[in-house]
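S.K.: mmCIF, C-alpha atoms and all ligand atoms, saved as coords_11.cif, coming up:
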data_structure
loop_
_atom_site.group_PDB
_atom_site.id
_atom_site.type_symbol
_atom_site.label_atom_id
_atom_site.label_comp_id
_atom_site.auth_asym_id
_atom_site.auth_seq_id
_atom_site.Cartn_x
_atom_site.Cartn_y
_atom_site.Cartn_z
ATOM 1 C CA MET A 1 -33.867 -71.421 -4.836
ATOM 2 C CA LYS A 2 -32.002 -74.700 -5.499
ATOM 3 C CA GLU A 3 -32.369 -77.281 -2.730
ATOM 4 C CA THR A 4 -29.145 -78.514 -1.087
ATOM 5 C CA ARG A 5 -28.854 -82.311 -1.273
ATOM 6 C CA ILE A 6 -27.800 -83.874 2.013
ATOM 7 C CA SER A 7 -26.385 -87.385 1.843
ATOM 8 C CA PRO A 8 -28.192 -89.712 4.302
ATOM 9 C CA ARG A 9 -24.736 -91.146 5.112
ATOM 10 C CA HIS A 10 -23.448 -87.790 6.343
ATOM 11 C CA PRO A 11 -22.734 -88.208 10.109
ATOM 12 C CA ARG A 12 -24.613 -85.002 10.845
ATOM 13 C CA ALA A 13 -27.403 -85.497 8.282
ATOM 14 C CA GLU A 14 -30.309 -84.827 10.657
ATOM 15 C CA SER A 15 -28.791 -81.632 12.004
ATOM 16 C CA LEU A 16 -28.106 -80.450 8.431
ATOM 17 C CA ARG A 17 -31.685 -81.261 7.369
ATOM 18 C CA ILE A 18 -33.060 -79.149 10.231
ATOM 19 C CA ARG A 19 -30.760 -76.308 9.215
ATOM 20 C CA GLU A 20 -31.954 -76.552 5.607
ATOM 21 C CA ARG A 21 -35.574 -76.396 6.741
ATOM 22 C CA LEU A 22 -34.870 -73.152 8.580
ATOM 23 C CA VAL A 23 -33.105 -71.659 5.570
ATOM 24 C CA GLU A 24 -36.025 -72.693 3.350
ATOM 25 C CA HIS A 25 -38.454 -70.977 5.723
ATOM 26 C CA PHE A 26 -36.191 -67.966 6.004
ATOM 27 C CA ASN A 27 -36.592 -67.629 2.233
ATOM 28 C CA SER A 28 -40.366 -68.068 2.499
ATOM 29 C CA GLY A 29 -40.588 -65.213 5.028
ATOM 30 C CA VAL A 30 -41.506 -67.325 8.079
ATOM 31 C CA VAL A 31 -38.162 -67.251 9.920
ATOM 32 C CA THR A 32 -36.279 -64.075 10.783
ATOM 33 C CA VAL A 33 -32.472 -63.582 10.558
ATOM 34 C CA ALA A 34 -32.296 -63.722 14.355
ATOM 35 C CA GLY A 35 -34.107 -67.072 14.110
ATOM 36 C CA LEU A 36 -31.154 -68.503 12.186
ATOM 37 C CA LEU A 37 -28.820 -67.275 14.938
ATOM 38 C CA ALA A 38 -31.074 -68.788 17.600
ATOM 39 C CA GLN A 39 -30.923 -72.143 15.801
ATOM 40 C CA GLY A 40 -27.104 -71.988 15.858
ATOM 41 C CA ARG A 41 -27.169 -71.472 19.612
ATOM 42 C CA GLY A 42 -29.660 -74.311 19.993
ATOM 43 C CA GLU A 43 -27.509 -76.656 17.862
ATOM 44 C CA ALA A 44 -24.523 -76.082 20.140
ATOM 45 C CA PHE A 45 -26.529 -77.035 23.239
ATOM 46 C CA ASP A 46 -28.080 -79.995 21.418
ATOM 47 C CA TYR A 47 -24.588 -81.233 20.617
ATOM 48 C CA LEU A 48 -23.651 -80.993 24.289
ATOM 49 C CA LEU A 49 -26.781 -82.914 25.260
ATOM 50 C CA GLY A 50 -25.952 -85.739 22.840
ATOM 51 C CA GLU A 51 -28.718 -84.824 20.340
ATOM 52 C CA LYS A 52 -31.263 -87.056 22.020
ATOM 53 C CA THR A 53 -34.203 -86.729 24.372
ATOM 54 C CA THR A 54 -32.875 -87.301 27.880
ATOM 55 C CA PRO A 55 -34.707 -88.791 30.920
ATOM 56 C CA ASN A 56 -34.512 -85.272 32.349
ATOM 57 C CA ALA A 57 -36.497 -83.890 29.389
ATOM 58 C CA LEU A 58 -39.015 -86.751 29.630
ATOM 59 C CA ASN A 59 -39.539 -85.920 33.292
ATOM 60 C CA ALA A 60 -40.376 -82.310 32.375
ATOM 61 C CA MET A 61 -42.634 -83.511 29.552
ATOM 62 C CA LYS A 62 -44.767 -85.519 31.996
ATOM 63 C CA ALA A 63 -45.334 -82.422 34.142
ATOM 64 C CA ALA A 64 -45.987 -80.351 31.004
ATOM 65 C CA THR A 65 -48.520 -82.898 29.760
ATOM 66 C CA ALA A 66 -50.292 -82.907 33.117
ATOM 67 C CA LEU A 67 -50.516 -79.091 32.993
ATOM 68 C CA LEU A 68 -51.856 -79.121 29.426
ATOM 69 C CA LEU A 69 -54.452 -81.826 30.148
ATOM 70 C CA ALA A 70 -55.704 -80.076 33.280
ATOM 71 C CA ALA A 71 -55.813 -76.606 31.697
ATOM 72 C CA LYS A 72 -59.041 -74.715 30.983
ATOM 73 C CA HIS A 73 -57.572 -72.440 28.300
ATOM 74 C CA PRO A 74 -54.302 -73.882 27.014
ATOM 75 C CA VAL A 75 -52.506 -71.914 24.291
ATOM 76 C CA ILE A 76 -49.483 -72.846 22.189
ATOM 77 C CA SER A 77 -47.598 -69.664 21.315
ATOM 78 C CA VAL A 78 -45.681 -69.935 18.050
ATOM 79 C CA ASN A 79 -42.901 -67.931 16.418
ATOM 80 C CA GLY A 80 -41.016 -68.291 13.133
ATOM 81 C CA ASN A 81 -38.667 -71.078 14.256
ATOM 82 C CA ALA A 82 -41.427 -73.144 15.884
ATOM 83 C CA ALA A 83 -43.501 -72.848 12.705
ATOM 84 C CA ALA A 84 -40.601 -73.875 10.459
ATOM 85 C CA LEU A 85 -39.536 -76.826 12.588
ATOM 86 C CA ALA A 86 -42.710 -78.275 14.043
ATOM 87 C CA ALA A 87 -45.924 -76.910 12.458
ATOM 88 C CA LYS A 88 -47.546 -80.306 11.735
ATOM 89 C CA ASN A 89 -46.811 -81.751 15.173
ATOM 90 C CA ILE A 90 -47.864 -78.545 16.941
ATOM 91 C CA VAL A 91 -51.241 -78.800 15.168
ATOM 92 C CA ARG A 92 -51.551 -82.441 16.281
ATOM 93 C CA LEU A 93 -50.651 -81.590 19.879
ATOM 94 C CA ALA A 94 -53.066 -78.633 19.929
ATOM 95 C CA LYS A 95 -55.919 -80.875 18.740
ATOM 96 C CA GLN A 96 -55.064 -83.535 21.335
ATOM 97 C CA VAL A 97 -55.160 -81.147 24.317
ATOM 98 C CA ASN A 98 -57.730 -78.772 22.856
ATOM 99 C CA ALA A 99 -55.302 -75.853 22.801
ATOM 100 C CA LYS A 100 -55.434 -72.722 20.684
ATOM 101 C CA ILE A 101 -52.465 -71.759 18.524
ATOM 102 C CA GLU A 102 -51.408 -68.096 18.626
ATOM 103 C CA VAL A 103 -48.714 -66.360 16.599
ATOM 104 C CA ASN A 104 -46.581 -64.141 18.819
ATOM 105 C CA LEU A 105 -43.432 -62.718 17.307
ATOM 106 C CA PHE A 106 -40.425 -60.919 18.666
ATOM 107 C CA HIS A 107 -39.656 -59.435 15.229
ATOM 108 C CA ARG A 108 -43.214 -58.618 14.355
ATOM 109 C CA SER A 109 -44.528 -57.902 10.854
ATOM 110 C CA LEU A 110 -47.896 -58.591 9.272
ATOM 111 C CA ASP A 111 -46.207 -60.378 6.360
ATOM 112 C CA ARG A 112 -44.477 -62.826 8.702
ATOM 113 C CA GLU A 113 -47.635 -63.371 10.768
ATOM 114 C CA GLU A 114 -49.563 -64.192 7.612
ATOM 115 C CA ALA A 115 -46.802 -66.479 6.271
ATOM 116 C CA ILE A 116 -46.842 -68.373 9.593
ATOM 117 C CA GLU A 117 -50.645 -68.561 9.564
ATOM 118 C CA LYS A 118 -50.507 -69.970 6.028
ATOM 119 C CA LEU A 119 -47.963 -72.599 7.050
ATOM 120 C CA PHE A 120 -50.093 -73.719 10.012
ATOM 121 C CA LYS A 121 -53.271 -73.848 7.923
ATOM 122 C CA LYS A 122 -51.421 -76.004 5.384
ATOM 123 C CA ALA A 123 -50.404 -78.236 8.303
ATOM 124 C CA GLY A 124 -54.082 -78.723 9.231
ATOM 125 C CA ALA A 125 -54.910 -75.903 11.673
ATOM 126 C CA THR A 126 -58.366 -74.390 11.361
ATOM 127 C CA GLN A 127 -57.809 -71.250 13.418
ATOM 128 C CA ILE A 128 -54.665 -69.242 14.165
ATOM 129 C CA LEU A 129 -54.950 -66.460 16.713
ATOM 130 C CA GLY A 130 -52.870 -63.297 17.027
ATOM 131 C CA VAL A 131 -52.587 -62.323 13.365
ATOM 132 C CA GLY A 132 -52.698 -58.552 12.662
ATOM 133 C CA GLU A 133 -55.452 -56.618 14.404
ATOM 134 C CA ALA A 134 -56.520 -59.780 16.246
ATOM 135 C CA SER A 135 -53.797 -59.154 18.806
ATOM 136 C CA SER A 136 -55.551 -56.134 20.240
ATOM 137 C CA ALA A 137 -54.704 -56.729 23.900
ATOM 138 C CA ALA A 138 -51.412 -56.097 25.684
ATOM 139 C CA ILE A 139 -49.573 -57.883 28.458
ATOM 140 C CA PRO A 140 -47.867 -55.575 30.957
ATOM 141 C CA GLU A 141 -44.137 -55.088 31.567
ATOM 142 C CA ILE A 142 -42.867 -56.090 28.138
ATOM 143 C CA ALA A 143 -41.078 -53.569 25.962
ATOM 144 C CA SER A 144 -41.025 -55.692 22.786
ATOM 145 C CA ASP A 145 -43.822 -56.309 20.283
ATOM 146 C CA ARG A 146 -44.430 -59.580 22.057
ATOM 147 C CA ARG A 147 -46.662 -57.661 24.513
ATOM 148 C CA ARG A 148 -49.466 -57.624 21.928
ATOM 149 C CA VAL A 149 -51.671 -60.672 22.361
ATOM 150 C CA ASP A 150 -55.042 -62.002 21.241
ATOM 151 C CA PRO A 151 -57.844 -61.520 23.817
ATOM 152 C CA ARG A 152 -59.206 -64.957 22.822
ATOM 153 C CA GLY A 153 -55.827 -66.634 23.378
ATOM 154 C CA ILE A 154 -52.788 -65.786 25.488
ATOM 155 C CA LEU A 155 -54.633 -63.018 27.388
ATOM 156 C CA ILE A 156 -57.113 -65.471 28.953
ATOM 157 C CA ALA A 157 -54.893 -68.579 28.889
ATOM 158 C CA ASP A 158 -54.133 -70.425 32.115
ATOM 159 C CA VAL A 159 -51.370 -72.551 30.554
ATOM 160 C CA VAL A 160 -49.079 -71.319 27.757
ATOM 161 C CA LEU A 161 -46.583 -73.480 25.897
ATOM 162 C CA VAL A 162 -43.750 -71.320 24.581
ATOM 163 C CA PRO A 163 -41.226 -73.034 22.347
ATOM 164 C CA LEU A 164 -38.026 -71.028 21.668
ATOM 165 C CA GLU A 165 -38.809 -67.961 23.657
ATOM 166 C CA ASP A 166 -37.186 -64.826 24.977
ATOM 167 C CA GLY A 167 -37.005 -64.488 28.750
ATOM 168 C CA ASP A 168 -38.946 -61.239 29.187
ATOM 169 C CA ARG A 169 -42.264 -62.574 28.018
ATOM 170 C CA THR A 170 -41.966 -65.784 30.009
ATOM 171 C CA GLU A 171 -41.342 -63.738 33.136
ATOM 172 C CA ALA A 172 -44.314 -61.458 32.367
ATOM 173 C CA LEU A 173 -46.658 -64.392 31.696
ATOM 174 C CA VAL A 174 -45.661 -66.071 34.975
ATOM 175 C CA LYS A 175 -46.225 -62.756 36.815
ATOM 176 C CA MET A 176 -49.738 -62.698 35.331
ATOM 177 C CA GLY A 177 -50.400 -66.016 37.085
ATOM 178 C CA LYS A 178 -50.181 -68.217 33.998
ATOM 179 C CA ARG A 179 -48.347 -71.548 34.058
ATOM 180 C CA VAL A 180 -45.649 -71.440 31.412
ATOM 181 C CA ILE A 181 -44.106 -74.477 29.721
ATOM 182 C CA ALA A 182 -40.900 -73.726 27.771
ATOM 183 C CA ILE A 183 -39.052 -75.825 25.226
ATOM 184 C CA ASP A 184 -35.460 -74.584 25.242
ATOM 185 C CA LEU A 185 -32.218 -76.412 24.570
ATOM 186 C CA ASN A 186 -30.359 -73.983 26.809
ATOM 187 C CA PRO A 187 -30.918 -74.876 30.483
ATOM 188 C CA LEU A 188 -29.157 -71.635 31.471
ATOM 189 C CA SER A 189 -31.425 -69.250 29.546
ATOM 190 C CA ARG A 190 -33.658 -66.778 31.340
ATOM 191 C CA THR A 191 -36.680 -68.414 29.699
ATOM 192 C CA ALA A 192 -35.624 -71.803 31.077
ATOM 193 C CA LYS A 193 -35.305 -70.332 34.560
ATOM 194 C CA PHE A 194 -38.518 -68.268 34.572
ATOM 195 C CA ALA A 195 -40.809 -70.983 33.170
ATOM 196 C CA ASN A 196 -42.750 -73.290 35.496
ATOM 197 C CA VAL A 197 -41.789 -76.335 33.439
ATOM 198 C CA THR A 198 -38.801 -76.284 31.076
ATOM 199 C CA ILE A 199 -38.272 -79.073 28.587
ATOM 200 C CA VAL A 200 -34.563 -79.037 27.729
ATOM 201 C CA ASP A 201 -34.815 -80.660 24.314
ATOM 202 C CA ASN A 202 -34.925 -79.850 20.615
ATOM 203 C CA ILE A 203 -38.407 -78.798 19.499
ATOM 204 C CA VAL A 204 -38.224 -81.312 16.626
ATOM 205 C CA ARG A 205 -38.026 -84.179 19.156
ATOM 206 C CA ALA A 206 -39.933 -82.610 22.054
ATOM 207 C CA VAL A 207 -43.289 -82.042 20.336
ATOM 208 C CA PRO A 208 -43.626 -85.641 18.979
ATOM 209 C CA SER A 209 -42.628 -86.947 22.433
ATOM 210 C CA LEU A 210 -45.251 -84.721 24.078
ATOM 211 C CA ILE A 211 -47.858 -86.156 21.689
ATOM 212 C CA ARG A 212 -46.941 -89.712 22.792
ATOM 213 C CA ILE A 213 -47.039 -88.790 26.494
ATOM 214 C CA VAL A 214 -50.396 -87.023 26.156
ATOM 215 C CA GLU A 215 -51.762 -90.212 24.565
ATOM 216 C CA LYS A 216 -50.574 -92.211 27.597
ATOM 217 C CA LEU A 217 -51.717 -89.791 30.309
ATOM 218 C CA ARG A 218 -54.997 -88.564 28.830
ATOM 219 C CA THR A 219 -57.107 -91.089 30.802
ATOM 220 C CA GLU A 220 -55.424 -90.336 34.145
ATOM 221 C CA ASP A 221 -57.597 -88.779 36.832
ATOM 222 C CA LYS A 222 -57.156 -85.164 37.935
ATOM 223 C CA LYS A 223 -55.531 -86.176 41.236
ATOM 224 C CA ARG A 224 -52.689 -88.030 39.509
ATOM 225 C CA LEU A 225 -52.189 -85.160 37.052
ATOM 226 C CA ARG A 226 -51.960 -82.680 39.939
ATOM 227 C CA LYS A 227 -49.448 -84.943 41.691
ATOM 228 C CA LEU A 228 -47.236 -84.958 38.566
ATOM 229 C CA VAL A 229 -47.271 -81.149 38.533
ATOM 230 C CA ASP A 230 -46.775 -80.740 42.298
ATOM 231 C CA GLU A 231 -43.842 -83.143 42.412
ATOM 232 C CA PHE A 232 -42.014 -81.432 39.551
ATOM 233 C CA ASP A 233 -39.247 -79.031 40.587
ATOM 234 C CA ASN A 234 -38.082 -76.925 37.623
ATOM 235 C CA ALA A 235 -34.963 -75.555 39.333
ATOM 236 C CA ARG A 236 -33.850 -79.077 40.263
ATOM 237 C CA ASN A 237 -34.568 -80.385 36.760
ATOM 238 C CA LEU A 238 -32.538 -77.555 35.188
ATOM 239 C CA SER A 239 -29.664 -78.166 37.540
ATOM 240 C CA GLU A 240 -29.705 -81.868 36.526
ATOM 241 C CA ALA A 241 -29.702 -80.895 32.842
ATOM 242 C CA THR A 242 -26.651 -78.679 33.445
ATOM 243 C CA GLU A 243 -24.904 -81.512 35.322
ATOM 244 C CA MET A 244 -25.652 -83.825 32.399
ATOM 245 C CA ILE A 245 -23.842 -81.408 30.079
ATOM 246 C CA GLU A 246 -20.938 -81.248 32.544
ATOM 247 C CA LYS A 247 -20.640 -85.066 32.609
ATOM 248 C CA ARG A 248 -20.828 -85.307 28.834
ATOM 249 C CA LEU A 249 -18.136 -82.657 28.472
ATOM 250 C CA GLU A 250 -15.932 -84.614 30.889
ATOM 251 C CA SER A 251 -16.341 -87.818 28.879
ATOM 252 C CA LEU A 252 -15.773 -85.942 25.592
ATOM 253 C CA ALA A 253 -12.617 -84.413 27.087
ATOM 254 C CA GLN A 254 -11.396 -87.885 28.065
ATOM 255 C CA GLU A 255 -12.137 -89.206 24.570
ATOM 256 C CA SER A 256 -10.292 -86.353 22.900
ATOM 257 C CA GLN A 257 -7.351 -86.836 25.276
ATOM 258 C CA LYS A 258 -7.140 -90.450 24.025
ATOM 259 C CA GLY A 259 -7.348 -89.141 20.457
ATOM 260 C CA ALA A 260 -4.577 -86.606 21.130
ATOM 261 C CA HIS A 261 -2.422 -89.390 22.636
ATOM 262 C CA LEU A 262 -2.877 -91.475 19.445
ATOM 263 C CA THR A 263 -1.825 -88.517 17.305
ATOM 264 C CA VAL A 264 1.364 -88.154 19.379
ATOM 265 C CA LEU A 265 2.099 -91.895 18.890
ATOM 266 C CA GLU A 266 1.453 -91.604 15.146
ATOM 267 C CA GLU A 267 3.854 -88.682 14.958
ATOM 268 C CA LYS A 268 6.535 -90.722 16.781
ATOM 269 C CA ASP A 269 5.999 -93.672 14.394
ATOM 270 C CA ALA A 270 6.392 -91.494 11.328
HETATM 271 O O1 LIG A 301 -39.885 -65.498 15.125
HETATM 272 P P1 LIG A 301 -39.579 -64.395 16.114
HETATM 273 O O2 LIG A 301 -39.574 -63.042 15.476
HETATM 274 O O3 LIG A 301 -40.491 -64.416 17.308
HETATM 275 O O4 LIG A 301 -38.096 -64.644 16.693
HETATM 276 C C1 LIG A 301 -37.814 -65.870 17.290
HETATM 277 C C2 LIG A 301 -36.420 -65.893 17.961
HETATM 278 C C3 LIG A 301 -36.062 -67.363 18.208
HETATM 279 C C4 LIG A 301 -35.400 -65.265 17.043
HETATM 280 C C5 LIG A 301 -36.487 -65.096 19.259
HETATM 281 O O5 LIG A 301 -37.474 -65.618 20.083
HETATM 282 C C6 LIG A 301 -35.162 -65.070 19.973
HETATM 283 O O6 LIG A 301 -34.352 -64.189 19.774
HETATM 284 O O7 LIG A 301 -34.929 -66.096 20.785
HETATM 285 P P2 LIG A 301 -33.559 -66.255 21.605
HETATM 286 O O8 LIG A 301 -33.511 -65.247 22.702
HETATM 287 O O9 LIG A 301 -32.416 -66.377 20.654
HETATM 288 O O10 LIG A 301 -33.780 -67.665 22.280
HETATM 289 C C7 LIG A 301 -33.958 -68.824 21.584
HETATM 290 C C8 LIG A 301 -33.673 -69.993 22.531
HETATM 291 O O11 LIG A 301 -34.113 -71.165 21.872
HETATM 292 C C9 LIG A 301 -32.174 -70.185 22.829
HETATM 293 O O12 LIG A 301 -32.001 -70.446 24.216
HETATM 294 C C10 LIG A 301 -31.780 -71.430 22.014
HETATM 295 O O13 LIG A 301 -30.815 -72.215 22.674
HETATM 296 C C11 LIG A 301 -33.103 -72.175 21.927
HETATM 297 N N1 LIG A 301 -33.244 -72.985 20.707
HETATM 298 C C12 LIG A 301 -32.775 -72.718 19.466
HETATM 299 N N2 LIG A 301 -33.136 -73.676 18.602
HETATM 300 C C13 LIG A 301 -33.869 -74.578 19.293
HETATM 301 C C14 LIG A 301 -33.947 -74.131 20.654
HETATM 302 N N3 LIG A 301 -34.620 -74.803 21.588
HETATM 303 C C15 LIG A 301 -35.254 -75.938 21.198
HETATM 304 N N4 LIG A 301 -35.231 -76.424 19.924
HETATM 305 C C16 LIG A 301 -34.545 -75.774 18.946
HETATM 306 N N5 LIG A 301 -34.523 -76.256 17.704
#
Would you mind writing the file out in structure tokens?

M.R.:
Amino acid sequence: MKETRISPRHPRAESLRIRERLVEHFNSGVVTVAGLLAQGRGEAFDYLLGEKTTPNALNAMKAATALLLAAKHPVISVNGNAAALAAKNIVRLAKQVNAKIEVNLFHRSLDREEAIEKLFKKAGATQILGVGEASSAAIPEIASDRRRVDPRGILIADVVLVPLEDGDRTEALVKMGKRVIAIDLNPLSRTAKFANVTIVDNIVRAVPSLIRIVEKLRTEDKKRLRKLVDEFDNARNLSEATEMIEKRLESLAQESQKGAHLTVLEEKDA
């Protein structure tokens, strides 16, 4: 398929490049149709957040890093969108915190699992859990195919990082006593609310930022890491993220009111 050329001068070039990457990986069998819809929803929230990593997200990332560094069996759970948007950085992060990477799909098929495995291996991963028969265990209370997990990975994990998730599995994992870190641009989603630590940011920015924070915090002692986790309040952080959107909408409304006023003046002048 012919590649779409995006001018670097286009005001929304980065957003368009991300979209193209998803389309490319939709064609390669990694991303599902619903994944394209999910990206659209994410883009809308990213727009409202100003398309940058906020102090609120950085705060959550510190708690997430502390959880990952203190974990005994950390696992990064990946789906089609996470693979398409962040495979290389997920591999780097997994190596840094000694985490396993497990494929866990909502729209499960062996072809997609294998395409995702291939993409991660190309990005430098040596082992990908959860592919095919490897996910022989089940987590309770989930109706979707996401209940099938790898006994070497999510089943025994104490900390699970779930980028772009659906709420049911997050809730089930938390009920099983696991600490769940979510990356979700929507602070109102069920995943965001059920997770122990929710990073309200785009996965393409969040994973590189996590890598930088892990580098900074990796020499901290266990006591300080525990303090970072204990002091983090996910409900409060989500409420702040929602307020941030509210404030940005207010300032955008004021800006567009000024714009509308100019249009009225221009019409009068004409
Ligand atoms: O690959 P599969 O089969 O496992 O399917 C994956 C999708 C994403 C289709 C599936 O998990 C799903 O349906 O997810 P939802 O319920 O649409 O939720 C996706 C959430 O991710 C939404 O809250 C979006 O706002 C958010 N989101 C979308 N794109 C991004 C994002 N969050 C962070 N970074 C993004 N780039």

S.K.: Can you pull out every residue with an atom within 8 Å of ligand LIG 301 (chain A)? Use all atoms listed in the file and format it as number ranges by chain.

M.R.: A: 30-45, 78-82, 85, 104-108, 146, 163-167, 183-189, 191-192, 200-204

S.K.: With all atoms listed in the file counted and 9 Å as the cut-off, give the residues of region 157-220 of chain A in contact with region 60-65 of chain A, each with its shortest interatomic distance in Å and the pair that gives it, as a Markdown table.

M.R.:
| residue | atom | partner | partner_atom | distance |
| --- | --- | --- | --- | --- |
| A:Leu161 | CA | A:Ala64 | CA | 8.6 |
| A:Val180 | CA | A:Ala64 | CA | 8.9 |
| A:Ile181 | CA | A:Ala64 | CA | 6.3 |
| A:Ala182 | CA | A:Ala64 | CA | 9.0 |
| A:Asn196 | CA | A:Ala64 | CA | 9.0 |
| A:Val197 | CA | A:Ala60 | CA | 6.2 |
| A:Thr198 | CA | A:Ala60 | CA | 6.4 |
| A:Ile199 | CA | A:Ala60 | CA | 5.4 |
| A:Val200 | CA | A:Ala60 | CA | 8.1 |
| A:Ala206 | CA | A:Met61 | CA | 8.0 |
| A:Ser209 | CA | A:Met61 | CA | 7.9 |
| A:Leu210 | CA | A:Met61 | CA | 6.2 |
| A:Ile211 | CA | A:Thr65 | CA | 8.7 |
| A:Ile213 | CA | A:Lys62 | CA | 6.8 |
| A:Val214 | CA | A:Thr65 | CA | 5.8 |
| A:Leu217 | CA | A:Thr65 | CA | 7.6 |
| A:Arg218 | CA | A:Thr65 | CA | 8.7 |

S.K.: Restricted to C-alpha atoms, what would the selected residues look like written as a PDB file, keeping the file's coordinate frame?

M.R.:
ATOM      1  CA  LEU A 161     -46.583 -73.480  25.897  1.00  0.00           C
ATOM      2  CA  VAL A 180     -45.649 -71.440  31.412  1.00  0.00           C
ATOM      3  CA  ILE A 181     -44.106 -74.477  29.721  1.00  0.00           C
ATOM      4  CA  ALA A 182     -40.900 -73.726  27.771  1.00  0.00           C
ATOM      5  CA  ASN A 196     -42.750 -73.290  35.496  1.00  0.00           C
ATOM      6  CA  VAL A 197     -41.789 -76.335  33.439  1.00  0.00           C
ATOM      7  CA  THR A 198     -38.801 -76.284  31.076  1.00  0.00           C
ATOM      8  CA  ILE A 199     -38.272 -79.073  28.587  1.00  0.00           C
ATOM      9  CA  VAL A 200     -34.563 -79.037  27.729  1.00  0.00           C
ATOM     10  CA  ALA A 206     -39.933 -82.610  22.054  1.00  0.00           C
ATOM     11  CA  SER A 209     -42.628 -86.947  22.433  1.00  0.00           C
ATOM     12  CA  LEU A 210     -45.251 -84.721  24.078  1.00  0.00           C
ATOM     13  CA  ILE A 211     -47.858 -86.156  21.689  1.00  0.00           C
ATOM     14  CA  ILE A 213     -47.039 -88.790  26.494  1.00  0.00           C
ATOM     15  CA  VAL A 214     -50.396 -87.023  26.156  1.00  0.00           C
ATOM     16  CA  LEU A 217     -51.717 -89.791  30.309  1.00  0.00           C
ATOM     17  CA  ARG A 218     -54.997 -88.564  28.830  1.00  0.00           C
TER      18      ARG A 218
END

S.K.: If we count only C-alpha atoms, what is near region 93-98 of chain A at a cut-off of 12 Å, once residues fewer than 6 positions away on the same chain are taken out, given as a PDB file with C-alpha atoms, in the coordinates of the input?

M.R.:
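Printed below is out-v5.pdb as written:
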ATOM      1  CA  ALA A  64     -45.987 -80.351  31.004  1.00  0.00           C
ATOM      2  CA  THR A  65     -48.520 -82.898  29.760  1.00  0.00           C
ATOM      3  CA  ALA A  66     -50.292 -82.907  33.117  1.00  0.00           C
ATOM      4  CA  LEU A  67     -50.516 -79.091  32.993  1.00  0.00           C
ATOM      5  CA  LEU A  68     -51.856 -79.121  29.426  1.00  0.00           C
ATOM      6  CA  LEU A  69     -54.452 -81.826  30.148  1.00  0.00           C
ATOM      7  CA  ALA A  70     -55.704 -80.076  33.280  1.00  0.00           C
ATOM      8  CA  ALA A  71     -55.813 -76.606  31.697  1.00  0.00           C
ATOM      9  CA  LYS A  72     -59.041 -74.715  30.983  1.00  0.00           C
ATOM     10  CA  HIS A  73     -57.572 -72.440  28.300  1.00  0.00           C
ATOM     11  CA  PRO A  74     -54.302 -73.882  27.014  1.00  0.00           C
ATOM     12  CA  VAL A  75     -52.506 -71.914  24.291  1.00  0.00           C
ATOM     13  CA  ILE A  76     -49.483 -72.846  22.189  1.00  0.00           C
ATOM     14  CA  SER A  77     -47.598 -69.664  21.315  1.00  0.00           C
ATOM     15  CA  VAL A  78     -45.681 -69.935  18.050  1.00  0.00           C
ATOM     16  CA  ALA A  86     -42.710 -78.275  14.043  1.00  0.00           C
ATOM     17  CA  ALA A  87     -45.924 -76.910  12.458  1.00  0.00           C
ATOM     18  CA  PHE A 120     -50.093 -73.719  10.012  1.00  0.00           C
ATOM     19  CA  ALA A 123     -50.404 -78.236   8.303  1.00  0.00           C
ATOM     20  CA  GLY A 124     -54.082 -78.723   9.231  1.00  0.00           C
ATOM     21  CA  ALA A 125     -54.910 -75.903  11.673  1.00  0.00           C
ATOM     22  CA  THR A 126     -58.366 -74.390  11.361  1.00  0.00           C
ATOM     23  CA  GLN A 127     -57.809 -71.250  13.418  1.00  0.00           C
ATOM     24  CA  ILE A 128     -54.665 -69.242  14.165  1.00  0.00           C
ATOM     25  CA  VAL A 159     -51.370 -72.551  30.554  1.00  0.00           C
ATOM     26  CA  VAL A 160     -49.079 -71.319  27.757  1.00  0.00           C
ATOM     27  CA  LEU A 161     -46.583 -73.480  25.897  1.00  0.00           C
ATOM     28  CA  ALA A 206     -39.933 -82.610  22.054  1.00  0.00           C
ATOM     29  CA  VAL A 207     -43.289 -82.042  20.336  1.00  0.00           C
ATOM     30  CA  PRO A 208     -43.626 -85.641  18.979  1.00  0.00           C
ATOM     31  CA  SER A 209     -42.628 -86.947  22.433  1.00  0.00           C
ATOM     32  CA  LEU A 210     -45.251 -84.721  24.078  1.00  0.00           C
ATOM     33  CA  ILE A 211     -47.858 -86.156  21.689  1.00  0.00           C
ATOM     34  CA  ARG A 212     -46.941 -89.712  22.792  1.00  0.00           C
ATOM     35  CA  ILE A 213     -47.039 -88.790  26.494  1.00  0.00           C
ATOM     36  CA  VAL A 214     -50.396 -87.023  26.156  1.00  0.00           C
ATOM     37  CA  GLU A 215     -51.762 -90.212  24.565  1.00  0.00           C
ATOM     38  CA  LYS A 216     -50.574 -92.211  27.597  1.00  0.00           C
ATOM     39  CA  LEU A 217     -51.717 -89.791  30.309  1.00  0.00           C
ATOM     40  CA  ARG A 218     -54.997 -88.564  28.830  1.00  0.00           C
TER      41      ARG A 218
END

S.K.: Suppose a student applies the PyMOL selection byres (((chain A and resi 13-15) around 12) and not hetatm) to this structure; what residues should they get, written as an MDAnalysis selection string?

M.R.: chainID A and resid 4:12 16:22 39:40 42:44 46:47 50:52 85 202 204:205

S.K.: So how far away is CA of Lys178 (chain A) from CA of Phe194 (chain A), in Å?

M.R.: 11.7 Å

S.K.: Take the PyMOL selection byres (((chain A and resi 129) around 8) and not hetatm), apply it to the structure above, and return the hits as a list in words.

M.R.: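 Checked against the file, the PyMOL selection byres (((chain A and resi 129) around 8) and not hetatm) matches Lys100, Ile101, Glu102, Val103, Gln127, Ile128, Gly130, Val131, Ala134, Ser135, Asp150, Arg152 and Gly153 of chain A.
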
S.K.: Restricting the calculation to all atoms listed in the file, which member of A:Val149, A:Leu119, A:Ala57, A:Leu110 is positioned closest to Gly132 (chain A)?

M.R.: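 Checking each candidate against Gly132 (chain A), we get A:Leu110 as the closest.
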